[in-house]
>>> print(open('target35.cif').read())   # mmCIF, N, CA and C atoms and all ligand atoms
data_work
loop_
_atom_site.label_atom_id
_atom_site.label_comp_id
_atom_site.auth_asym_id
_atom_site.auth_seq_id
_atom_site.Cartn_x
_atom_site.Cartn_y
_atom_site.Cartn_z
N MET A 1 5.41 21.69 1.89
CA MET A 1 5.70 20.79 3.02
C MET A 1 5.70 19.35 2.51
N THR A 2 6.84 18.74 2.44
CA THR A 2 6.89 17.37 1.93
C THR A 2 7.33 16.37 3.00
N ASP A 3 8.30 16.75 3.82
CA ASP A 3 8.82 15.81 4.80
C ASP A 3 7.98 15.81 6.07
N ILE A 4 7.42 14.68 6.37
CA ILE A 4 6.63 14.52 7.60
C ILE A 4 7.34 13.49 8.46
N ASP A 5 7.74 13.91 9.65
CA ASP A 5 8.42 13.01 10.57
C ASP A 5 7.35 12.26 11.38
N TRP A 6 6.85 11.20 10.78
CA TRP A 6 5.74 10.46 11.40
C TRP A 6 6.13 9.90 12.76
N ASP A 7 7.36 9.45 12.91
CA ASP A 7 7.75 8.87 14.20
C ASP A 7 7.69 9.91 15.31
N SER A 8 8.11 11.14 15.02
CA SER A 8 8.02 12.20 16.04
C SER A 8 6.57 12.49 16.39
N LEU A 9 5.72 12.52 15.38
CA LEU A 9 4.30 12.77 15.64
C LEU A 9 3.68 11.63 16.45
N ARG A 10 4.04 10.39 16.10
CA ARG A 10 3.50 9.24 16.86
C ARG A 10 3.96 9.31 18.31
N ASN A 11 5.21 9.64 18.51
CA ASN A 11 5.71 9.72 19.88
C ASN A 11 5.03 10.83 20.66
N ALA A 12 4.79 11.96 19.99
CA ALA A 12 4.10 13.07 20.66
C ALA A 12 2.67 12.67 21.03
N ALA A 13 2.02 11.94 20.14
CA ALA A 13 0.64 11.50 20.40
C ALA A 13 0.61 10.50 21.55
N ARG A 14 1.58 9.59 21.58
CA ARG A 14 1.62 8.61 22.68
C ARG A 14 1.89 9.31 24.01
N GLN A 15 2.76 10.29 23.97
CA GLN A 15 3.10 11.03 25.19
C GLN A 15 1.88 11.76 25.75
N VAL A 16 1.16 12.45 24.87
CA VAL A 16 0.02 13.24 25.35
C VAL A 16 -1.13 12.33 25.77
N ALA A 17 -1.23 11.14 25.18
CA ALA A 17 -2.29 10.20 25.58
C ALA A 17 -2.14 9.83 27.05
N SER A 18 -0.94 9.88 27.55
CA SER A 18 -0.72 9.50 28.95
C SER A 18 -1.34 10.51 29.91
N GLY A 19 -1.72 11.68 29.39
CA GLY A 19 -2.37 12.68 30.22
C GLY A 19 -3.88 12.68 30.09
N ALA A 20 -4.42 11.74 29.32
CA ALA A 20 -5.87 11.72 29.09
C ALA A 20 -6.65 11.61 30.40
N TYR A 21 -7.79 12.27 30.42
CA TYR A 21 -8.73 12.13 31.55
C TYR A 21 -9.90 11.30 31.02
N ALA A 22 -9.84 9.99 31.25
CA ALA A 22 -10.83 9.08 30.66
C ALA A 22 -11.29 8.05 31.69
N PRO A 23 -11.85 8.51 32.83
CA PRO A 23 -12.25 7.57 33.86
C PRO A 23 -13.49 6.75 33.51
N TYR A 24 -14.25 7.16 32.48
CA TYR A 24 -15.50 6.48 32.16
C TYR A 24 -15.31 5.41 31.09
N SER A 25 -14.65 5.74 30.02
CA SER A 25 -14.41 4.73 28.98
C SER A 25 -13.13 3.96 29.25
N ASP A 26 -12.22 4.56 29.99
CA ASP A 26 -10.88 4.01 30.22
C ASP A 26 -10.10 3.86 28.90
N LEU A 27 -10.50 4.61 27.89
CA LEU A 27 -9.75 4.63 26.63
C LEU A 27 -9.01 5.96 26.54
N ALA A 28 -7.72 5.92 26.80
CA ALA A 28 -6.90 7.12 26.65
C ALA A 28 -6.64 7.35 25.16
N VAL A 29 -6.70 8.60 24.75
CA VAL A 29 -6.45 8.95 23.35
C VAL A 29 -5.53 10.16 23.30
N GLY A 30 -4.57 10.12 22.40
CA GLY A 30 -3.69 11.26 22.18
C GLY A 30 -3.65 11.60 20.71
N ALA A 31 -3.60 12.88 20.41
CA ALA A 31 -3.52 13.34 19.02
C ALA A 31 -2.36 14.32 18.90
N ALA A 32 -1.64 14.22 17.81
CA ALA A 32 -0.54 15.15 17.54
C ALA A 32 -0.60 15.52 16.07
N ALA A 33 -0.24 16.77 15.77
CA ALA A 33 -0.29 17.22 14.38
C ALA A 33 0.88 18.15 14.07
N LEU A 34 1.32 18.04 12.85
CA LEU A 34 2.28 18.99 12.29
C LEU A 34 1.50 20.16 11.71
N VAL A 35 1.90 21.38 12.07
CA VAL A 35 1.26 22.59 11.56
C VAL A 35 2.07 23.11 10.38
N ASP A 36 1.47 23.90 9.53
CA ASP A 36 2.16 24.35 8.31
C ASP A 36 3.35 25.26 8.56
N ASP A 37 3.54 25.73 9.79
CA ASP A 37 4.75 26.51 10.10
C ASP A 37 5.82 25.64 10.78
N GLY A 38 5.56 24.35 10.89
CA GLY A 38 6.56 23.43 11.41
C GLY A 38 6.39 23.04 12.87
N ARG A 39 5.50 23.73 13.59
CA ARG A 39 5.36 23.35 14.99
C ARG A 39 4.46 22.12 15.13
N ILE A 40 4.51 21.52 16.30
CA ILE A 40 3.68 20.35 16.59
C ILE A 40 2.70 20.74 17.69
N VAL A 41 1.43 20.39 17.50
CA VAL A 41 0.40 20.63 18.51
C VAL A 41 -0.20 19.29 18.91
N THR A 42 -0.66 19.21 20.14
CA THR A 42 -1.18 17.95 20.66
C THR A 42 -2.47 18.16 21.44
N GLY A 43 -3.14 17.06 21.74
CA GLY A 43 -4.32 17.11 22.60
C GLY A 43 -4.66 15.72 23.10
N CYS A 44 -5.33 15.66 24.24
CA CYS A 44 -5.79 14.37 24.77
C CYS A 44 -7.29 14.46 25.04
N ASN A 45 -7.94 13.31 25.17
CA ASN A 45 -9.38 13.32 25.45
C ASN A 45 -9.63 13.64 26.92
N VAL A 46 -10.74 14.33 27.13
CA VAL A 46 -11.15 14.75 28.48
C VAL A 46 -12.63 14.41 28.63
N GLU A 47 -12.92 13.43 29.47
CA GLU A 47 -14.30 12.97 29.63
C GLU A 47 -15.02 13.73 30.73
N ASN A 48 -16.32 13.43 30.86
CA ASN A 48 -17.15 14.14 31.83
C ASN A 48 -18.21 13.17 32.35
N ALA A 49 -18.64 13.36 33.59
CA ALA A 49 -19.69 12.51 34.16
C ALA A 49 -20.96 12.59 33.33
N SER A 50 -21.19 13.71 32.68
CA SER A 50 -22.26 13.83 31.70
C SER A 50 -21.65 13.42 30.36
N TYR A 51 -21.76 12.16 30.04
CA TYR A 51 -20.93 11.56 28.99
C TYR A 51 -20.85 12.34 27.69
N GLY A 52 -22.00 12.92 27.31
CA GLY A 52 -22.04 13.62 26.02
C GLY A 52 -21.15 14.85 25.96
N LEU A 53 -20.63 15.28 27.08
CA LEU A 53 -19.76 16.45 27.10
C LEU A 53 -18.31 16.10 26.84
N THR A 54 -18.03 14.84 26.65
CA THR A 54 -16.65 14.41 26.42
C THR A 54 -16.00 15.18 25.28
N LEU A 55 -14.76 15.56 25.53
CA LEU A 55 -13.96 16.22 24.50
C LEU A 55 -12.97 15.21 23.95
N CYS A 56 -13.03 14.97 22.66
CA CYS A 56 -12.07 14.06 22.03
C CYS A 56 -10.68 14.71 22.01
N ALA A 57 -9.69 13.87 21.83
CA ALA A 57 -8.31 14.35 21.78
C ALA A 57 -8.13 15.39 20.67
N GLU A 58 -8.85 15.21 19.57
CA GLU A 58 -8.72 16.13 18.45
C GLU A 58 -9.25 17.51 18.79
N CYS A 59 -10.24 17.56 19.71
CA CYS A 59 -10.77 18.87 20.13
C CYS A 59 -9.68 19.65 20.87
N GLY A 60 -8.98 18.97 21.76
CA GLY A 60 -7.89 19.63 22.47
C GLY A 60 -6.80 20.06 21.52
N LEU A 61 -6.52 19.21 20.54
CA LEU A 61 -5.49 19.55 19.56
C LEU A 61 -5.85 20.82 18.79
N VAL A 62 -7.08 20.91 18.35
CA VAL A 62 -7.49 22.09 17.58
C VAL A 62 -7.51 23.35 18.46
N SER A 63 -7.90 23.19 19.70
CA SER A 63 -7.82 24.34 20.62
C SER A 63 -6.37 24.78 20.77
N ASN A 64 -5.48 23.84 20.92
CA ASN A 64 -4.06 24.18 21.06
C ASN A 64 -3.49 24.77 19.78
N LEU A 65 -4.00 24.32 18.63
CA LEU A 65 -3.58 24.91 17.35
C LEU A 65 -3.82 26.41 17.37
N HIS A 66 -5.04 26.79 17.75
CA HIS A 66 -5.38 28.21 17.68
C HIS A 66 -4.82 29.03 18.83
N SER A 67 -4.76 28.41 20.02
CA SER A 67 -4.23 29.18 21.15
C SER A 67 -2.72 29.38 21.06
N SER A 68 -2.06 28.59 20.19
CA SER A 68 -0.60 28.73 20.07
C SER A 68 -0.18 29.43 18.79
N GLY A 69 -1.14 30.05 18.10
CA GLY A 69 -0.75 30.85 16.94
C GLY A 69 -1.49 30.58 15.66
N GLY A 70 -2.35 29.56 15.64
CA GLY A 70 -3.14 29.28 14.45
C GLY A 70 -2.37 28.51 13.40
N GLY A 71 -2.84 28.60 12.16
CA GLY A 71 -2.22 27.86 11.07
C GLY A 71 -3.09 26.70 10.63
N ARG A 72 -2.52 25.92 9.72
CA ARG A 72 -3.25 24.80 9.13
C ARG A 72 -2.58 23.48 9.50
N LEU A 73 -3.41 22.47 9.72
CA LEU A 73 -2.88 21.14 10.01
C LEU A 73 -2.39 20.50 8.72
N VAL A 74 -1.19 19.96 8.77
CA VAL A 74 -0.58 19.31 7.60
C VAL A 74 -0.63 17.79 7.72
N ALA A 75 -0.41 17.28 8.92
CA ALA A 75 -0.37 15.84 9.14
C ALA A 75 -0.82 15.56 10.57
N VAL A 76 -1.65 14.52 10.73
CA VAL A 76 -2.25 14.22 12.03
C VAL A 76 -2.06 12.75 12.38
N VAL A 77 -1.76 12.51 13.67
CA VAL A 77 -1.71 11.15 14.22
C VAL A 77 -2.65 11.10 15.42
N VAL A 78 -3.49 10.06 15.48
CA VAL A 78 -4.33 9.82 16.65
C VAL A 78 -4.03 8.41 17.13
N VAL A 79 -3.69 8.28 18.41
CA VAL A 79 -3.39 6.94 18.96
C VAL A 79 -4.21 6.72 20.22
N ALA A 80 -4.41 5.45 20.55
CA ALA A 80 -5.00 5.08 21.83
C ALA A 80 -3.87 4.84 22.83
N GLY A 81 -4.27 4.56 24.04
CA GLY A 81 -3.28 4.36 25.09
C GLY A 81 -2.35 3.19 24.84
N ASP A 82 -2.75 2.28 23.94
CA ASP A 82 -1.86 1.16 23.58
C ASP A 82 -0.79 1.58 22.58
N GLY A 83 -0.84 2.84 22.20
CA GLY A 83 0.17 3.36 21.28
C GLY A 83 -0.14 3.16 19.81
N LYS A 84 -1.24 2.46 19.52
CA LYS A 84 -1.57 2.17 18.12
C LYS A 84 -2.57 3.19 17.58
N GLN A 85 -2.52 3.37 16.28
CA GLN A 85 -3.37 4.36 15.63
C GLN A 85 -4.85 4.04 15.84
N LEU A 86 -5.61 5.13 16.01
CA LEU A 86 -7.06 5.03 16.25
C LEU A 86 -7.76 5.81 15.14
N ALA A 87 -8.85 5.26 14.63
CA ALA A 87 -9.63 5.97 13.62
C ALA A 87 -10.36 7.14 14.26
N PRO A 88 -10.19 8.36 13.75
CA PRO A 88 -10.92 9.50 14.31
C PRO A 88 -12.43 9.29 14.19
N CYS A 89 -13.18 9.71 15.19
CA CYS A 89 -14.64 9.60 15.14
C CYS A 89 -15.18 10.53 14.06
N GLY A 90 -16.45 10.36 13.74
CA GLY A 90 -17.05 11.15 12.66
C GLY A 90 -16.98 12.65 12.90
N ARG A 91 -17.31 13.07 14.13
CA ARG A 91 -17.25 14.50 14.41
C ARG A 91 -15.85 15.03 14.23
N CYS A 92 -14.86 14.27 14.65
CA CYS A 92 -13.49 14.77 14.56
C CYS A 92 -12.95 14.73 13.14
N ARG A 93 -13.50 13.89 12.30
CA ARG A 93 -13.13 13.96 10.88
C ARG A 93 -13.55 15.33 10.33
N GLN A 94 -14.75 15.74 10.71
CA GLN A 94 -15.23 17.05 10.27
C GLN A 94 -14.38 18.16 10.87
N LEU A 95 -14.01 18.00 12.11
CA LEU A 95 -13.18 19.01 12.79
C LEU A 95 -11.81 19.12 12.12
N LEU A 96 -11.21 17.99 11.82
CA LEU A 96 -9.89 18.01 11.17
C LEU A 96 -9.98 18.56 9.76
N LEU A 97 -11.09 18.30 9.08
CA LEU A 97 -11.29 18.85 7.74
C LEU A 97 -11.30 20.38 7.78
N GLU A 98 -11.97 20.93 8.76
CA GLU A 98 -12.07 22.38 8.90
C GLU A 98 -10.69 23.04 9.06
N HIS A 99 -9.80 22.36 9.78
CA HIS A 99 -8.52 22.99 10.14
C HIS A 99 -7.33 22.48 9.35
N GLY A 100 -7.54 21.47 8.52
CA GLY A 100 -6.44 20.95 7.71
C GLY A 100 -6.79 20.79 6.24
N GLY A 101 -8.09 20.74 5.95
CA GLY A 101 -8.51 20.55 4.57
C GLY A 101 -8.40 19.09 4.16
N PRO A 102 -8.95 18.77 2.99
CA PRO A 102 -8.98 17.37 2.55
C PRO A 102 -7.60 16.78 2.28
N GLU A 103 -6.60 17.64 2.02
CA GLU A 103 -5.26 17.12 1.71
C GLU A 103 -4.44 16.82 2.95
N CYS A 104 -4.93 17.18 4.10
CA CYS A 104 -4.19 16.93 5.35
C CYS A 104 -3.94 15.42 5.48
N ALA A 105 -2.70 15.04 5.75
CA ALA A 105 -2.34 13.63 5.85
C ALA A 105 -2.75 13.07 7.21
N LEU A 106 -3.09 11.79 7.22
CA LEU A 106 -3.51 11.12 8.46
C LEU A 106 -2.85 9.75 8.56
N ASP A 107 -2.29 9.49 9.73
CA ASP A 107 -1.69 8.18 10.02
C ASP A 107 -2.79 7.26 10.55
N ALA A 108 -3.52 6.64 9.65
CA ALA A 108 -4.68 5.83 10.02
C ALA A 108 -4.25 4.40 10.37
N PRO A 109 -5.15 3.63 11.00
CA PRO A 109 -4.79 2.25 11.35
C PRO A 109 -4.32 1.42 10.16
N ASP A 110 -4.85 1.70 8.98
CA ASP A 110 -4.46 0.94 7.79
C ASP A 110 -3.34 1.57 6.99
N GLY A 111 -2.79 2.66 7.49
CA GLY A 111 -1.69 3.32 6.78
C GLY A 111 -1.96 4.80 6.56
N ILE A 112 -1.04 5.44 5.85
CA ILE A 112 -1.17 6.87 5.62
C ILE A 112 -2.28 7.13 4.60
N THR A 113 -3.15 8.07 4.95
CA THR A 113 -4.23 8.46 4.05
C THR A 113 -4.44 9.97 4.18
N THR A 114 -5.58 10.45 3.79
CA THR A 114 -5.89 11.88 3.95
C THR A 114 -7.24 12.04 4.63
N ILE A 115 -7.45 13.24 5.15
CA ILE A 115 -8.75 13.53 5.76
C ILE A 115 -9.85 13.44 4.71
N GLY A 116 -9.56 13.93 3.51
CA GLY A 116 -10.57 13.86 2.45
C GLY A 116 -10.98 12.43 2.15
N ALA A 117 -10.04 11.51 2.23
CA ALA A 117 -10.33 10.11 1.91
C ALA A 117 -11.21 9.45 2.97
N ILE A 118 -11.10 9.91 4.21
CA ILE A 118 -11.92 9.29 5.26
C ILE A 118 -13.21 10.08 5.53
N LEU A 119 -13.40 11.17 4.79
CA LEU A 119 -14.65 11.93 4.91
C LEU A 119 -15.11 12.36 3.52
N PRO A 120 -15.44 11.38 2.68
CA PRO A 120 -15.85 11.73 1.32
C PRO A 120 -17.20 12.45 1.32
N GLY A 121 -17.35 13.32 0.34
CA GLY A 121 -18.62 14.04 0.20
C GLY A 121 -18.93 14.95 1.37
N ALA A 122 -17.87 15.51 1.96
CA ALA A 122 -18.03 16.26 3.20
C ALA A 122 -18.82 17.55 3.01
N PHE A 123 -19.51 17.92 4.06
CA PHE A 123 -20.09 19.26 4.17
C PHE A 123 -18.95 20.19 4.58
N ASP A 124 -18.73 21.24 3.81
CA ASP A 124 -17.67 22.18 4.18
C ASP A 124 -18.14 23.60 3.92
N THR A 125 -17.20 24.54 4.07
CA THR A 125 -17.60 25.94 3.95
C THR A 125 -18.20 26.25 2.59
N GLY A 126 -17.81 25.51 1.57
CA GLY A 126 -18.36 25.72 0.24
C GLY A 126 -19.86 25.52 0.20
N GLU A 127 -20.35 24.67 1.06
CA GLU A 127 -21.80 24.43 1.12
C GLU A 127 -22.56 25.61 1.71
N LEU A 128 -21.83 26.44 2.46
CA LEU A 128 -22.47 27.60 3.08
C LEU A 128 -22.59 28.77 2.11
N GLU A 129 -21.53 28.94 1.29
CA GLU A 129 -21.46 30.12 0.44
C GLU A 129 -22.63 30.17 -0.53
N GLY A 130 -23.31 31.29 -0.52
CA GLY A 130 -24.39 31.51 -1.49
C GLY A 130 -25.66 30.74 -1.20
N ARG A 131 -25.71 30.04 -0.09
CA ARG A 131 -26.89 29.23 0.19
C ARG A 131 -27.61 29.65 1.45
N ARG A 132 -27.09 30.71 2.06
CA ARG A 132 -27.78 31.22 3.25
C ARG A 132 -29.09 31.89 2.82
N ARG A 133 -30.01 31.99 3.71
CA ARG A 133 -31.34 32.55 3.35
C ARG A 133 -31.23 33.96 2.81
N HIS A 134 -30.27 34.74 3.34
CA HIS A 134 -30.25 36.17 2.99
C HIS A 134 -29.09 36.54 2.07
N THR A 135 -28.56 35.58 1.32
CA THR A 135 -27.52 35.92 0.37
C THR A 135 -27.99 35.61 -1.05
N1 LIG B 201 -12.10 9.58 21.38
C1 LIG B 201 -11.22 10.51 20.96
O1 LIG B 201 -10.56 11.18 21.78
N2 LIG B 201 -11.08 10.72 19.63
C2 LIG B 201 -11.73 10.01 18.67
O2 LIG B 201 -11.61 10.33 17.50
C3 LIG B 201 -12.51 8.83 19.05
C4 LIG B 201 -12.93 8.79 20.49
C5 LIG B 201 -12.29 9.39 22.82
C6 LIG B 201 -13.56 9.97 23.35
C7 LIG B 201 -13.79 9.13 24.60
O3 LIG B 201 -13.12 9.77 25.69
C8 LIG B 201 -13.13 7.82 24.31
O4 LIG B 201 -12.33 8.02 23.15
C9 LIG B 201 -14.10 6.69 24.06
O5 LIG B 201 -15.01 7.01 23.07
#
>>> encode(input="target35.cif", output="structure tokens", more="lines below")
Ligand code: THU
Amino acid sequence: MTDIDWDSLRNAARQVASGAYAPYSDLAVGAAALVDDGRIVTGCNVENASYGLTLCAECGLVSNLHSSGGGRLVAVVVVAGDGKQLAPCGRCRQLLLEHGGPECALDAPDGITTIGAILPGAFDTGELEGRRRHT
């Protein structure tokens, strides 16, 4: 997978941000990703009166990834309601790492980078293997 249509992904992220449910922060967020089979998946943030239950846009995106057939994330865009790129929060960096790996491309506020670059020294499945109490 070499060609990434960033403009299509940005437009998809902006479109889905318009559906955000964010009455508490008033920060709409939209995420869009290219999957390794060529489809595009999206998600928006969904807040809750119990603030800690808020679902980031990336959570919806990953749910849609799996509910629509699975696969791996190849390239991700996250934007705010102003249409500009937003830095994924720490939890969502870990979430994107799980489903796209460190090589997954990211359209960050400062330019194109990778998930691995914004989550150095990450805890991943490799840390689990052989280190469980009963293995
Ligand atoms: N938010 C996201 O959707 N993704 C992120 O990576 C950062 C934060 C949302 C959560 C909350 O609804 C709002 O932005 C303010 O934190």
>>> closest_residue(input="target35.cif", among="A:Asn48, A:Asp5, A:Asn64, A:Cys89", to="ligand LIG 201 (chain B)", atoms="all atoms listed in the file")
A:Cys89
>>> residues_around(input="target35.cif", residues="Leu9 (chain A)", least_positions_apart="3", cutoff="8 Å", atoms="only N, CA and C atoms", output="PyMOL selection string")
chain A and resi 4-6+12-15+31-34+40+75-78
>>> write_last_selection(input="target35.cif", atoms="N, CA and C atoms", output="PDB file, in the frame of the given file")
ATOM      1  N   ILE A   4       7.420  14.680   6.370  1.00  0.00           N
ATOM      2  CA  ILE A   4       6.630  14.520   7.600  1.00  0.00           C
ATOM      3  C   ILE A   4       7.340  13.490   8.460  1.00  0.00           C
ATOM      4  N   ASP A   5       7.740  13.910   9.650  1.00  0.00           N
ATOM      5  CA  ASP A   5       8.420  13.010  10.570  1.00  0.00           C
ATOM      6  C   ASP A   5       7.350  12.260  11.380  1.00  0.00           C
ATOM      7  N   TRP A   6       6.850  11.200  10.780  1.00  0.00           N
ATOM      8  CA  TRP A   6       5.740  10.460  11.400  1.00  0.00           C
ATOM      9  C   TRP A   6       6.130   9.900  12.760  1.00  0.00           C
ATOM     10  N   ALA A  12       4.790  11.960  19.990  1.00  0.00           N
ATOM     11  CA  ALA A  12       4.100  13.070  20.660  1.00  0.00           C
ATOM     12  C   ALA A  12       2.670  12.670  21.030  1.00  0.00           C
ATOM     13  N   ALA A  13       2.020  11.940  20.140  1.00  0.00           N
ATOM     14  CA  ALA A  13       0.640  11.500  20.400  1.00  0.00           C
ATOM     15  C   ALA A  13       0.610  10.500  21.550  1.00  0.00           C
ATOM     16  N   ARG A  14       1.580   9.590  21.580  1.00  0.00           N
ATOM     17  CA  ARG A  14       1.620   8.610  22.680  1.00  0.00           C
ATOM     18  C   ARG A  14       1.890   9.310  24.010  1.00  0.00           C
ATOM     19  N   GLN A  15       2.760  10.290  23.970  1.00  0.00           N
ATOM     20  CA  GLN A  15       3.100  11.030  25.190  1.00  0.00           C
ATOM     21  C   GLN A  15       1.880  11.760  25.750  1.00  0.00           C
ATOM     22  N   ALA A  31      -3.600  12.880  20.410  1.00  0.00           N
ATOM     23  CA  ALA A  31      -3.520  13.340  19.020  1.00  0.00           C
ATOM     24  C   ALA A  31      -2.360  14.320  18.900  1.00  0.00           C
ATOM     25  N   ALA A  32      -1.640  14.220  17.810  1.00  0.00           N
ATOM     26  CA  ALA A  32      -0.540  15.150  17.540  1.00  0.00           C
ATOM     27  C   ALA A  32      -0.600  15.520  16.070  1.00  0.00           C
ATOM     28  N   ALA A  33      -0.240  16.770  15.770  1.00  0.00           N
ATOM     29  CA  ALA A  33      -0.290  17.220  14.380  1.00  0.00           C
ATOM     30  C   ALA A  33       0.880  18.150  14.070  1.00  0.00           C
ATOM     31  N   LEU A  34       1.320  18.040  12.850  1.00  0.00           N
ATOM     32  CA  LEU A  34       2.280  18.990  12.290  1.00  0.00           C
ATOM     33  C   LEU A  34       1.500  20.160  11.710  1.00  0.00           C
ATOM     34  N   ILE A  40       4.510  21.520  16.300  1.00  0.00           N
ATOM     35  CA  ILE A  40       3.680  20.350  16.590  1.00  0.00           C
ATOM     36  C   ILE A  40       2.700  20.740  17.690  1.00  0.00           C
ATOM     37  N   ALA A  75      -0.410  17.280   8.920  1.00  0.00           N
ATOM     38  CA  ALA A  75      -0.370  15.840   9.140  1.00  0.00           C
ATOM     39  C   ALA A  75      -0.820  15.560  10.570  1.00  0.00           C
ATOM     40  N   VAL A  76      -1.650  14.520  10.730  1.00  0.00           N
ATOM     41  CA  VAL A  76      -2.250  14.220  12.030  1.00  0.00           C
ATOM     42  C   VAL A  76      -2.060  12.750  12.380  1.00  0.00           C
ATOM     43  N   VAL A  77      -1.760  12.510  13.670  1.00  0.00           N
ATOM     44  CA  VAL A  77      -1.710  11.150  14.220  1.00  0.00           C
ATOM     45  C   VAL A  77      -2.650  11.100  15.420  1.00  0.00           C
ATOM     46  N   VAL A  78      -3.490  10.060  15.480  1.00  0.00           N
ATOM     47  CA  VAL A  78      -4.330   9.820  16.650  1.00  0.00           C
ATOM     48  C   VAL A  78      -4.030   8.410  17.130  1.00  0.00           C
TER      49      VAL A  78
END
>>> residues_near_ligand(input="target35.cif", ligand="ligand LIG 201 (chain B)", cutoff="9 Å", atoms="only C-alpha atoms and all ligand atoms", output="JSON, numbers by chain")
{"A": [20, 21, 22, 23, 24, 25, 26, 27, 28, 29, 30, 31, 43, 44, 45, 46, 47, 48, 51, 54, 55, 56, 57, 58, 59, 60, 78, 79, 80, 86, 87, 88, 89, 90, 91, 92, 93]}
>>> residues_around(input="target35.cif", residues="region 95-98 of chain A", least_positions_apart="4", cutoff="8 Å", atoms="only C-alpha atoms", output="count of residues only")
10
>>> select_by_dssp(input="target35.cif", residues="chain A", states="strand (DSSP E)", output="VMD selection string")
chain A and resid 29 to 35 40 to 44 73 to 80 105 to 108 111 to 114
>>> select_by_dssp(input="target35.cif", residues="chain A", states="alpha helix (DSSP H)", output="ChimeraX atom specification")
/A:6-17,57-67,90-100,115-118,125-128
>>> atom_distance(input="target35.cif", atom1="CA of Ala105 (chain A)", atom2="atom N of Ile118 (chain A)")
9.7 Å
>>> closest_residue(input="target35.cif", among="A:Val41, A:Ala17, A:Leu53, A:Leu106", to="Leu65 (chain A)", atoms="all atoms listed in the file")
A:Val41
>>> atom_distance(input="target35.cif", atom1="atom C of Gly70 (chain A)", atom2="atom N of Asp37 (chain A)")
7.5 Å
>>> atom_distance(input="target35.cif", atom1="atom C of Gly69 (chain A)", atom2="atom N of Asp36 (chain A)")
9.5 Å
>>> axis_aligned_box(input="target35.cif", around="region 41-50 of chain A", padding_each_side="6 Å", output="JSON")
{"center_x": -10.4, "center_y": 16.6, "center_z": 25.8, "size_x": 35.7, "size_y": 20.1, "size_z": 28.7}
